[in-house]
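Structure file final-v4.txt (compact mmCIF, C-alpha atoms (C1' of nucleotides)) follows.
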# COMPACT_ATOMS: atom_id res chain seq x y z
CA MET Y 7 -7.76 14.37 -12.54
CA ARG Y 8 -10.54 14.85 -11.61
CA GLU Y 9 -13.04 12.14 -11.57
CA GLY Y 10 -16.16 13.82 -10.25
CA ARG Y 11 -18.02 13.32 -7.03
CA PRO Y 12 -18.71 10.08 -5.22
CA VAL Y 13 -21.92 8.34 -6.08
CA ARG Y 14 -23.83 6.27 -3.57
CA VAL Y 15 -23.65 2.55 -4.26
CA GLU Y 16 -26.83 0.75 -5.13
CA THR Y 17 -27.50 -2.90 -5.79
CA ARG Y 18 -28.61 -1.86 -9.26
CA HIS Y 19 -25.11 -0.56 -9.89
CA SER Y 20 -23.96 -4.14 -10.14
CA ILE Y 21 -24.69 -6.08 -13.30
CA GLN Y 22 -28.02 -7.85 -13.41
CA ASN Y 23 -28.05 -11.47 -14.35
CA THR Y 24 -28.66 -11.77 -18.06
CA PRO Y 25 -29.61 -15.42 -18.48
CA THR Y 26 -31.15 -14.77 -21.91
CA GLY Y 27 -27.72 -14.03 -23.35
CA THR Y 28 -28.99 -11.11 -25.43
CA ASP Y 29 -26.33 -8.68 -24.19
CA CYS Y 30 -23.73 -7.77 -26.78
CA SER Y 31 -20.87 -6.84 -24.52
CA PRO Y 32 -18.63 -8.89 -22.22
CA PRO Y 33 -20.46 -9.44 -18.93
CA THR Y 34 -17.51 -8.05 -17.01
CA ALA Y 35 -17.89 -4.70 -18.71
CA VAL Y 36 -20.59 -3.46 -16.40
CA ALA Y 37 -19.75 -5.34 -13.25
CA ASN Y 38 -18.06 -3.78 -10.26
CA VAL Y 39 -18.41 -0.09 -10.95
CA SER Y 40 -17.67 1.37 -7.56
CA GLN Y 41 -19.68 3.91 -5.69
CA TYR Y 42 -16.63 6.18 -5.60
CA ALA Y 43 -14.71 7.57 -8.55
CA CYS Y 44 -11.45 7.04 -6.69
CA GLN Y 45 -12.27 3.37 -6.19
CA ARG Y 46 -13.25 2.73 -9.77
CA ARG Y 47 -11.10 0.55 -11.92
CA THR Y 48 -8.42 2.82 -13.34
CA THR Y 49 -7.64 1.34 -16.70
CA THR Y 50 -4.47 2.33 -18.51
CA GLU Y 51 -6.38 2.72 -21.72
CA ASN Y 52 -9.73 4.35 -22.26
CA HIS Y 53 -11.86 1.93 -24.27
CA ASN Y 54 -14.72 4.36 -24.73
CA LYS Y 55 -12.96 7.44 -26.02
CA ILE Y 56 -15.60 8.04 -28.70
CA PHE Y 57 -18.11 8.59 -25.89
CA THR Y 58 -15.95 10.23 -23.24
CA ASP Y 59 -14.59 12.86 -25.62
CA VAL Y 60 -18.14 13.92 -26.38
CA MET Y 61 -19.16 13.85 -22.69
CA GLU Y 62 -16.20 16.03 -21.79
CA GLU Y 63 -17.03 18.50 -24.53
CA LEU Y 64 -20.61 18.67 -23.27
CA ALA Y 65 -19.26 19.23 -19.76
CA GLU Y 66 -16.97 21.97 -20.98
CA SER Y 67 -19.76 23.64 -22.89
CA SER Y 68 -21.98 23.49 -19.80
CA GLU Y 69 -19.21 25.03 -17.74
CA PHE Y 70 -18.88 27.91 -20.20
CA ASN Y 71 -22.62 28.45 -19.90
CA GLU Y 72 -22.32 28.41 -16.12
CA SER Y 73 -24.49 25.31 -15.89
CA LYS Y 74 -22.71 23.74 -12.97
CA GLY Y 75 -25.11 20.83 -12.58
CA PRO Y 76 -25.02 19.52 -16.15
CA CYS Y 77 -21.27 20.10 -16.22
CA LEU Y 78 -20.80 17.82 -13.22
CA ALA Y 79 -23.20 15.23 -14.63
CA PHE Y 80 -21.35 14.97 -17.96
CA ARG Y 81 -17.98 14.77 -16.17
CA GLN Y 82 -19.25 11.93 -13.99
CA ALA Y 83 -20.69 10.15 -17.02
CA ALA Y 84 -17.29 10.42 -18.75
CA SER Y 85 -15.56 9.15 -15.63
CA VAL Y 86 -17.81 6.10 -15.38
CA LEU Y 87 -17.32 5.28 -19.07
CA LYS Y 88 -13.56 5.64 -18.72
CA SER Y 89 -13.51 3.10 -15.89
CA LEU Y 90 -15.05 0.34 -18.00
CA PRO Y 91 -12.69 -2.49 -18.97
CA SER Y 92 -13.97 -2.73 -22.54
CA ALA Y 93 -15.74 -0.78 -25.27
CA VAL Y 94 -19.51 -0.36 -25.09
CA HIS Y 95 -21.15 -1.59 -28.29
CA CYS Y 96 -24.78 -1.36 -27.33
CA LEU Y 97 -26.81 0.52 -24.75
CA LYS Y 98 -27.82 -2.66 -23.02
CA ALA Y 99 -24.25 -3.00 -21.81
CA ILE Y 100 -24.51 0.08 -19.61
CA GLN Y 101 -27.76 -0.83 -17.90
CA GLY Y 102 -27.59 -0.15 -14.20
CA LEU Y 103 -24.47 2.01 -14.31
CA PRO Y 104 -24.56 5.17 -12.19
CA CYS Y 105 -24.48 8.67 -13.73
CA LEU Y 106 -25.69 7.50 -17.14
CA GLY Y 107 -29.23 8.82 -17.43
CA GLU Y 108 -31.77 9.57 -20.17
CA HIS Y 109 -29.89 12.36 -21.90
CA THR Y 110 -26.47 10.75 -21.69
CA LYS Y 111 -27.81 7.50 -23.09
CA ALA Y 112 -29.54 9.37 -25.94
CA VAL Y 113 -26.21 10.96 -26.88
CA MET Y 114 -24.50 7.58 -26.72
CA GLU Y 115 -27.18 6.03 -28.93
CA GLU Y 116 -26.62 8.78 -31.47
CA ILE Y 117 -22.91 8.00 -31.48
CA LEU Y 118 -23.55 4.27 -31.84
CA THR Y 119 -25.92 4.87 -34.74
CA PHE Y 120 -24.25 7.69 -36.69
CA GLY Y 121 -20.74 7.64 -35.31
CA ARG Y 122 -21.13 11.22 -34.13
CA SER Y 123 -23.24 13.56 -32.02
CA PHE Y 124 -24.88 16.41 -33.87
CA LYS Y 125 -25.38 18.50 -30.76
CA VAL Y 126 -21.69 18.32 -30.01
CA GLU Y 127 -20.78 19.17 -33.59
CA GLU Y 128 -22.92 22.27 -33.27
CA ILE Y 129 -21.13 23.19 -30.05
CA ARG Y 130 -17.75 22.69 -31.69
CA CYS Y 131 -18.69 25.18 -34.42
CA ASP Y 132 -19.68 27.87 -31.95
CA GLU Y 133 -17.30 30.82 -31.98
CA ARG Y 134 -17.63 31.49 -28.26
CA TYR Y 135 -17.01 27.85 -27.37
CA GLN Y 136 -13.90 27.78 -29.56
CA ALA Y 137 -12.46 30.93 -28.01
CA LEU Y 138 -13.19 29.91 -24.41
CA LYS Y 139 -11.75 26.44 -25.02
CA LEU Y 140 -8.60 27.99 -26.44
CA PHE Y 141 -8.21 30.49 -23.59
CA THR Y 142 -8.84 27.96 -20.83
CA SER Y 143 -6.24 25.67 -22.38
CA VAL Y 144 -3.68 28.07 -20.92
CA PHE Y 145 -2.43 27.06 -17.45
CA GLY Y 146 -3.84 29.64 -15.02
CA VAL Y 147 -6.79 30.69 -17.18
CA GLY Y 148 -10.25 29.52 -16.11
CA PRO Y 149 -13.76 30.16 -17.44
CA LYS Y 150 -14.11 33.58 -15.79
CA THR Y 151 -10.93 35.03 -17.23
CA ALA Y 152 -11.62 33.44 -20.61
CA GLU Y 153 -15.10 34.97 -20.68
CA LYS Y 154 -13.67 38.36 -19.77
CA TRP Y 155 -11.25 38.22 -22.66
CA TYR Y 156 -13.94 36.98 -25.04
CA ARG Y 157 -16.22 39.89 -24.12
CA ARG Y 158 -13.39 42.26 -24.92
CA GLY Y 159 -13.55 40.88 -28.45
CA LEU Y 160 -10.34 38.88 -28.18
CA ARG Y 161 -10.26 35.58 -30.09
CA SER Y 162 -6.69 34.27 -30.32
CA LEU Y 163 -3.81 33.74 -27.90
CA GLN Y 164 -1.72 36.10 -30.03
CA GLU Y 165 -4.33 38.83 -29.45
CA ILE Y 166 -4.16 38.24 -25.69
CA LEU Y 167 -0.39 38.63 -25.68
CA THR Y 168 -0.52 41.69 -27.95
CA GLU Y 169 -3.25 43.51 -26.02
CA PRO Y 170 -1.40 46.09 -23.90
CA ASN Y 171 -4.12 46.46 -21.22
CA ILE Y 172 -4.04 42.85 -20.13
CA GLN Y 173 -2.07 42.06 -16.97
CA LEU Y 174 -1.30 38.38 -16.61
CA ASN Y 175 -0.65 36.92 -13.15
CA ARG Y 176 2.35 34.71 -12.36
CA MET Y 177 0.56 31.48 -13.17
CA GLN Y 178 -0.75 32.78 -16.47
CA ARG Y 179 2.65 34.14 -17.48
CA ALA Y 180 4.07 30.65 -16.97
CA GLY Y 181 1.08 29.24 -18.82
CA PHE Y 182 1.78 31.36 -21.91
CA LEU Y 183 5.57 31.07 -21.67
CA TYR Y 184 5.51 27.25 -21.69
CA TYR Y 185 2.19 26.85 -23.49
CA SER Y 186 3.25 24.41 -26.19
CA ASP Y 187 5.30 22.25 -23.81
CA ILE Y 188 2.60 22.02 -21.15
CA SER Y 189 -0.03 21.21 -23.79
CA LYS Y 190 2.14 18.38 -25.04
CA ALA Y 191 1.86 14.94 -23.40
CA VAL Y 192 4.70 13.77 -21.17
CA SER Y 193 6.16 10.42 -22.25
CA LYS Y 194 7.13 7.62 -19.90
CA ALA Y 195 10.79 8.18 -20.78
CA GLU Y 196 10.46 11.85 -19.86
CA ALA Y 197 8.73 10.92 -16.61
CA LYS Y 198 11.62 8.61 -15.76
CA ALA Y 199 14.10 11.37 -16.54
CA VAL Y 200 12.23 13.73 -14.22
CA GLY Y 201 12.29 10.97 -11.60
CA CYS Y 202 16.09 10.76 -11.89
CA ILE Y 203 16.46 14.50 -11.44
CA ILE Y 204 14.18 14.64 -8.41
CA GLU Y 205 15.85 11.54 -6.97
CA GLU Y 206 19.33 12.98 -7.33
CA THR Y 207 18.25 16.29 -5.84
CA VAL Y 208 16.41 14.70 -2.94
CA HIS Y 209 19.21 12.28 -2.06
CA TRP Y 210 21.81 15.02 -2.26
CA ILE Y 211 19.88 16.72 0.54
CA ALA Y 212 18.93 13.58 2.48
CA PRO Y 213 20.44 10.24 1.36
CA ASP Y 214 17.80 8.24 3.25
CA ALA Y 215 14.83 10.13 1.85
CA ILE Y 216 12.13 8.02 0.19
CA LEU Y 217 10.80 9.00 -3.21
CA ALA Y 218 8.07 7.23 -5.14
CA LEU Y 219 6.43 7.83 -8.48
CA THR Y 220 2.65 8.03 -8.21
CA GLY Y 221 -0.22 9.06 -10.49
CA GLY Y 222 -0.71 7.85 -14.03
CA PHE Y 223 2.85 6.73 -14.69
CA ARG Y 224 2.77 4.68 -11.49
CA ARG Y 225 -0.15 2.82 -13.00
CA GLY Y 226 1.87 2.11 -16.10
CA LYS Y 227 0.50 4.77 -18.44
CA GLU Y 228 2.57 5.62 -21.52
CA TYR Y 229 1.68 9.31 -21.44
CA GLY Y 230 0.48 11.85 -18.91
CA HIS Y 231 -0.02 15.57 -18.52
CA ASP Y 232 2.22 15.80 -15.45
CA VAL Y 233 4.49 13.65 -13.27
CA ASP Y 234 3.54 12.97 -9.63
CA PHE Y 235 5.77 11.98 -6.73
CA LEU Y 236 5.41 11.15 -3.07
CA LEU Y 237 8.33 12.17 -0.88
CA THR Y 238 9.11 11.48 2.77
CA MET Y 239 11.74 10.62 5.39
CA PRO Y 240 11.95 7.26 7.19
CA GLU Y 241 11.91 9.00 10.56
CA MET Y 242 8.68 10.76 11.53
CA GLY Y 243 8.89 14.53 11.45
CA LYS Y 244 12.14 14.61 9.48
CA GLU Y 245 10.15 15.36 6.35
CA GLU Y 246 9.52 18.87 7.69
CA GLY Y 247 11.37 21.35 5.56
CA LEU Y 248 12.56 18.72 3.08
CA LEU Y 249 10.25 19.88 0.32
CA LEU Y 250 11.39 23.50 0.66
CA HIS Y 251 15.01 22.32 0.52
CA VAL Y 252 14.26 20.38 -2.64
CA ILE Y 253 12.67 23.46 -4.18
CA ASP Y 254 15.74 25.54 -3.25
CA ARG Y 255 18.04 22.98 -4.86
CA LEU Y 256 15.98 22.86 -8.05
CA LYS Y 257 16.18 26.65 -8.11
CA ASP Y 258 19.99 26.51 -7.68
CA GLN Y 259 20.23 24.09 -10.59
CA GLY Y 260 18.35 26.63 -12.70
CA ILE Y 261 15.69 24.14 -13.74
CA LEU Y 262 12.77 25.49 -11.68
CA LEU Y 263 10.58 27.41 -14.14
CA TYR Y 264 7.53 27.77 -11.89
CA CYS Y 265 6.71 26.87 -8.30
CA ASP Y 266 3.49 26.95 -6.32
CA TYR Y 267 4.19 25.74 -2.77
CA GLN Y 268 1.53 24.81 -0.22
CA GLY Y 269 2.62 24.33 3.36
CA SER Y 270 1.20 21.57 5.54
CA THR Y 271 -2.13 22.32 7.13
CA PHE Y 272 -2.11 19.14 9.14
CA ASP Y 273 -2.70 20.03 12.80
CA VAL Y 274 -3.84 17.33 15.23
CA SER Y 275 -5.13 19.88 17.72
CA LYS Y 276 -7.22 21.64 15.09
CA LEU Y 277 -8.69 18.57 13.42
CA PRO Y 278 -12.02 17.58 14.96
CA SER Y 279 -11.44 13.97 13.99
CA CYS Y 280 -8.60 11.97 12.50
CA ARG Y 281 -9.12 11.68 8.76
CA PHE Y 282 -6.44 9.34 7.47
CA GLU Y 283 -7.67 9.53 3.95
CA ASP Y 284 -7.44 13.32 3.76
CA MET Y 285 -4.35 13.80 1.61
CA ASP Y 286 -4.94 17.49 1.00
CA CYS Y 287 -3.35 18.66 4.22
CA PHE Y 288 0.21 17.57 3.42
CA GLN Y 289 3.03 19.77 2.18
CA LYS Y 290 3.01 19.86 -1.58
CA CYS Y 291 4.14 21.83 -4.58
CA PHE Y 292 3.11 22.24 -8.18
CA LEU Y 293 6.13 22.85 -10.36
CA ILE Y 294 7.18 23.40 -13.91
CA LEU Y 295 10.62 21.93 -14.48
CA ARG Y 296 13.10 22.33 -17.28
CA LEU Y 297 13.99 18.89 -18.63
CA GLU Y 298 17.06 18.59 -20.86
CA GLN Y 299 16.57 16.38 -23.89
CA GLY Y 300 19.93 14.75 -23.13
CA GLN Y 301 18.53 13.46 -19.84
CA VAL Y 302 15.78 11.51 -21.58
CA GLU Y 303 16.49 7.87 -22.42
CA GLY Y 304 16.26 7.31 -26.15
CA GLU Y 305 17.02 10.92 -27.01
CA ARG Y 306 20.60 10.93 -25.82
CA GLY Y 307 23.02 12.66 -28.16
CA LEU Y 308 20.63 12.41 -31.06
CA GLN Y 309 20.57 16.15 -31.54
CA ARG Y 310 21.91 16.50 -35.08
CA ASP Y 311 20.69 20.03 -35.67
CA PRO Y 312 21.12 22.18 -32.56
CA GLY Y 313 19.39 25.12 -34.25
CA ASP Y 314 16.29 23.08 -34.86
CA SER Y 315 15.10 22.82 -31.25
CA ARG Y 316 15.91 24.25 -27.82
CA GLY Y 317 17.21 20.95 -26.51
CA TRP Y 318 14.86 21.02 -23.56
CA ARG Y 319 11.15 21.03 -22.66
CA ALA Y 320 9.01 22.20 -19.73
CA VAL Y 321 7.21 19.53 -17.66
CA ARG Y 322 4.52 19.86 -14.99
CA VAL Y 323 5.60 18.09 -11.79
CA ASP Y 324 3.71 17.57 -8.51
CA LEU Y 325 5.47 16.70 -5.24
CA VAL Y 326 3.61 15.68 -2.08
CA ALA Y 327 5.44 15.20 1.24
CA PRO Y 328 3.41 13.44 3.95
CA PRO Y 329 4.84 12.15 7.24
CA VAL Y 330 6.07 8.58 6.81
CA ASP Y 331 3.12 6.86 8.50
CA ARG Y 332 0.62 8.47 6.12
CA TYR Y 333 3.00 7.91 3.25
CA ALA Y 334 2.99 4.16 3.69
CA PHE Y 335 -0.77 4.15 3.93
CA ALA Y 336 -1.15 6.25 0.82
CA LEU Y 337 1.26 4.14 -1.20
CA LEU Y 338 -0.45 0.90 -0.29
CA GLY Y 339 -3.77 2.43 -1.18
CA TRP Y 340 -2.59 3.51 -4.61
CA THR Y 341 -0.52 0.44 -5.29
CA GLY Y 342 -2.67 -2.46 -4.28
CA SER Y 343 -1.39 -5.68 -2.74
CA ARG Y 344 0.21 -7.11 -5.87
CA VAL Y 345 3.19 -4.75 -6.00
CA GLY Y 346 5.87 -4.68 -3.31
CA LEU Y 347 7.37 -1.55 -1.78
CA ASP Y 348 10.72 -2.26 -3.45
CA GLN Y 349 9.04 -1.87 -6.81
CA ILE Y 350 7.50 1.47 -6.07
CA ILE Y 351 10.28 3.23 -4.22
CA VAL Y 352 12.77 4.95 -6.49
CA LYS Y 353 16.25 4.12 -5.27
C1' DA F 347 -37.38 20.20 -5.08
C1' DG F 348 -32.63 20.76 -4.17
C1' DG F 349 -27.68 19.53 -4.11
C1' DC F 350 -23.71 19.16 -6.93
C1' DC F 351 -15.55 18.91 -2.90
C1' DT F 352 -12.49 21.65 -0.81
C1' DA F 353 -8.45 23.89 0.66
C1' DC F 354 -4.88 26.72 -0.64
C1' DG F 355 -2.27 30.73 -2.81
C1' DC N 633 -9.96 33.23 -9.46
C1' DG N 634 -7.53 28.78 -10.65
C1' DT N 635 -5.34 24.49 -9.31
C1' DA N 636 -5.17 19.62 -7.93
C1' DG G 543 -28.11 16.17 -15.98
C1' DC G 544 -28.42 12.75 -12.51
C1' DC G 545 -29.79 11.26 -8.13
C1' DT G 546 -32.35 11.34 -3.81
Structure re-expressed in structure tokens:
Amino acid sequence: MREGRPVRVETRHSIQNTPTGTDCSPPTAVANVSQYACQRRTTTENHNKIFTDVMEELAESSEFNESKGPCLAFRQAASVLKSLPSAVHCLKAIQGLPCLGEHTKAVMEEILTFGRSFKVEEIRCDERYQALKLFTSVFGVGPKTAEKWYRRGLRSLQEILTEPNIQLNRMQRAGFLYYSDISKAVSKAEAKAVGCIIEETVHWIAPDAILALTGGFRRGKEYGHDVDFLLTMPEMGKEEGLLLHVIDRLKDQGILLYCDYQGSTFDVSKLPSCRFEDMDCFQKCFLILRLEQGQVEGERGLQRDPGDSRGWRAVRVDLVAPPVDRYAFALLGWTGSRVGLDQIIVK
DNA sequence: AGGCCTACG
DNA sequence: CGTA
DNA sequence: GCCT
């Protein structure tokens, strides 16, 4: 997810003392909003959905209008609001928070007063916005491609698939093929089932390999849009080639529907300075896996009508394979001191 | 007034 | 260009 | 649009 860019910390970003007691939100609501999006409190539930939905629509609309600045600003505003531990009930409660300026606050006031934003409702009615939103909801389709299709007069996904002169790339073909599955949220039970499959595959290759769930489900979320794992070997360097082996095995099992592999770009001799926190250089892959319904806890053998559904669904899965020293560092960073390694390593 | 991730495929 |  |  993407949480937007870091914001410099200021003393005013911390809550001011409110000795008069006129604030109408818990005092903790505004305290401790970090300078960095990645350091902000990541709550399991979003307590300000009524605001963040609108901010994200404004961001999307800005993106479609190629207004990069406003797009970023609305995304950051949404990110800050999502990090709050409780719902905002009056504007006073967000005093001093970063990324919430004049315009954003005006929109929020409108929502507090009328329960809706009229500007956003206008945007939602716009034909171009609707089409671009629909097109970009396909995995592999961004604003440029969506705009191209819109200018050709296309309006529905069916029209895209029917149009003979459109050549979809590999990513987009997967996007259309598994559209409804990928659009659907992944449940915790499904994430666990994916974990079992990856675990079995990984340990078949290397019994001492270490696999850990990360991302939203690691933080205890009930639903997510993909499932993330960290994978490594206890002995430094042994993780080389492991990820490609895993991908081969998934292929052999016939459950690999899509695979985008990125080799490691970590090179000590090339790096000007050691950046421990740079996770982007590790081996990783973005997959779409076929998950059998029978593998999911709670859905075992409940299939009364086999003709009713396929008996499986597609799930987006990310695997990252750092060397073990970085792995430990990354896990501790994501996990915090309260959870032990035994709780986060899938065994 | 000017910036607003980046690296990879 | 699109992804994370 | 928000911040510097």
Spatial neighbours of segment 194-200 of chain Y, max dist 8 Å, only C-alpha atoms (C1' of nucleotides), sep filter under 5 positions, as a PyMOL selection string: chain Y and resi 223+227-230+233+297+301-304
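Once all atoms listed in the file are considered, the residues situated within 12 Å of the file point (-10.3, 25.6, 3.3) turn out to be Thr271, Phe272, Asp286 and Cys287 of chain Y; DC351, DT352, DA353, DC354 and DG355 of chain F.
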Shell around segment 51-62 of chain Y at 7 Å using all atoms listed in the file, local window under 5 positions removed, as a PyMOL selection string: chain Y and resi 80-81+83-84+87-88+91-94+114+126
Counting all atoms listed in the file, find the residues whose atoms lie at most 10 Å from (-6.0, 36.5, -7.7) (file coordinates) and write them out as a tab-separated table (two decimals) with C-alpha atoms (C1' of nucleotides), in the frame of the given file.
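Now in result-v4.tsv:
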chain	number	residue	atom	x	y	z
Y	175	ASN	CA	-0.65	36.92	-13.15
Y	176	ARG	CA	2.35	34.71	-12.36
Y	177	MET	CA	0.56	31.48	-13.17
F	355	DG	C1'	-2.27	30.73	-2.81
N	633	DC	C1'	-9.96	33.23	-9.46
N	634	DG	C1'	-7.53	28.78	-10.65
Computed interatomic separation between atom CA of Ser315 of chain Y and atom CA of Leu295 of chain Y (Å): 17.4 Å
Residue among Y:Leu256, Y:Leu106, Y:Leu217, Y:Ala320 lying closest to DC544 of chain G, counting all atoms listed in the file: Y:Leu106
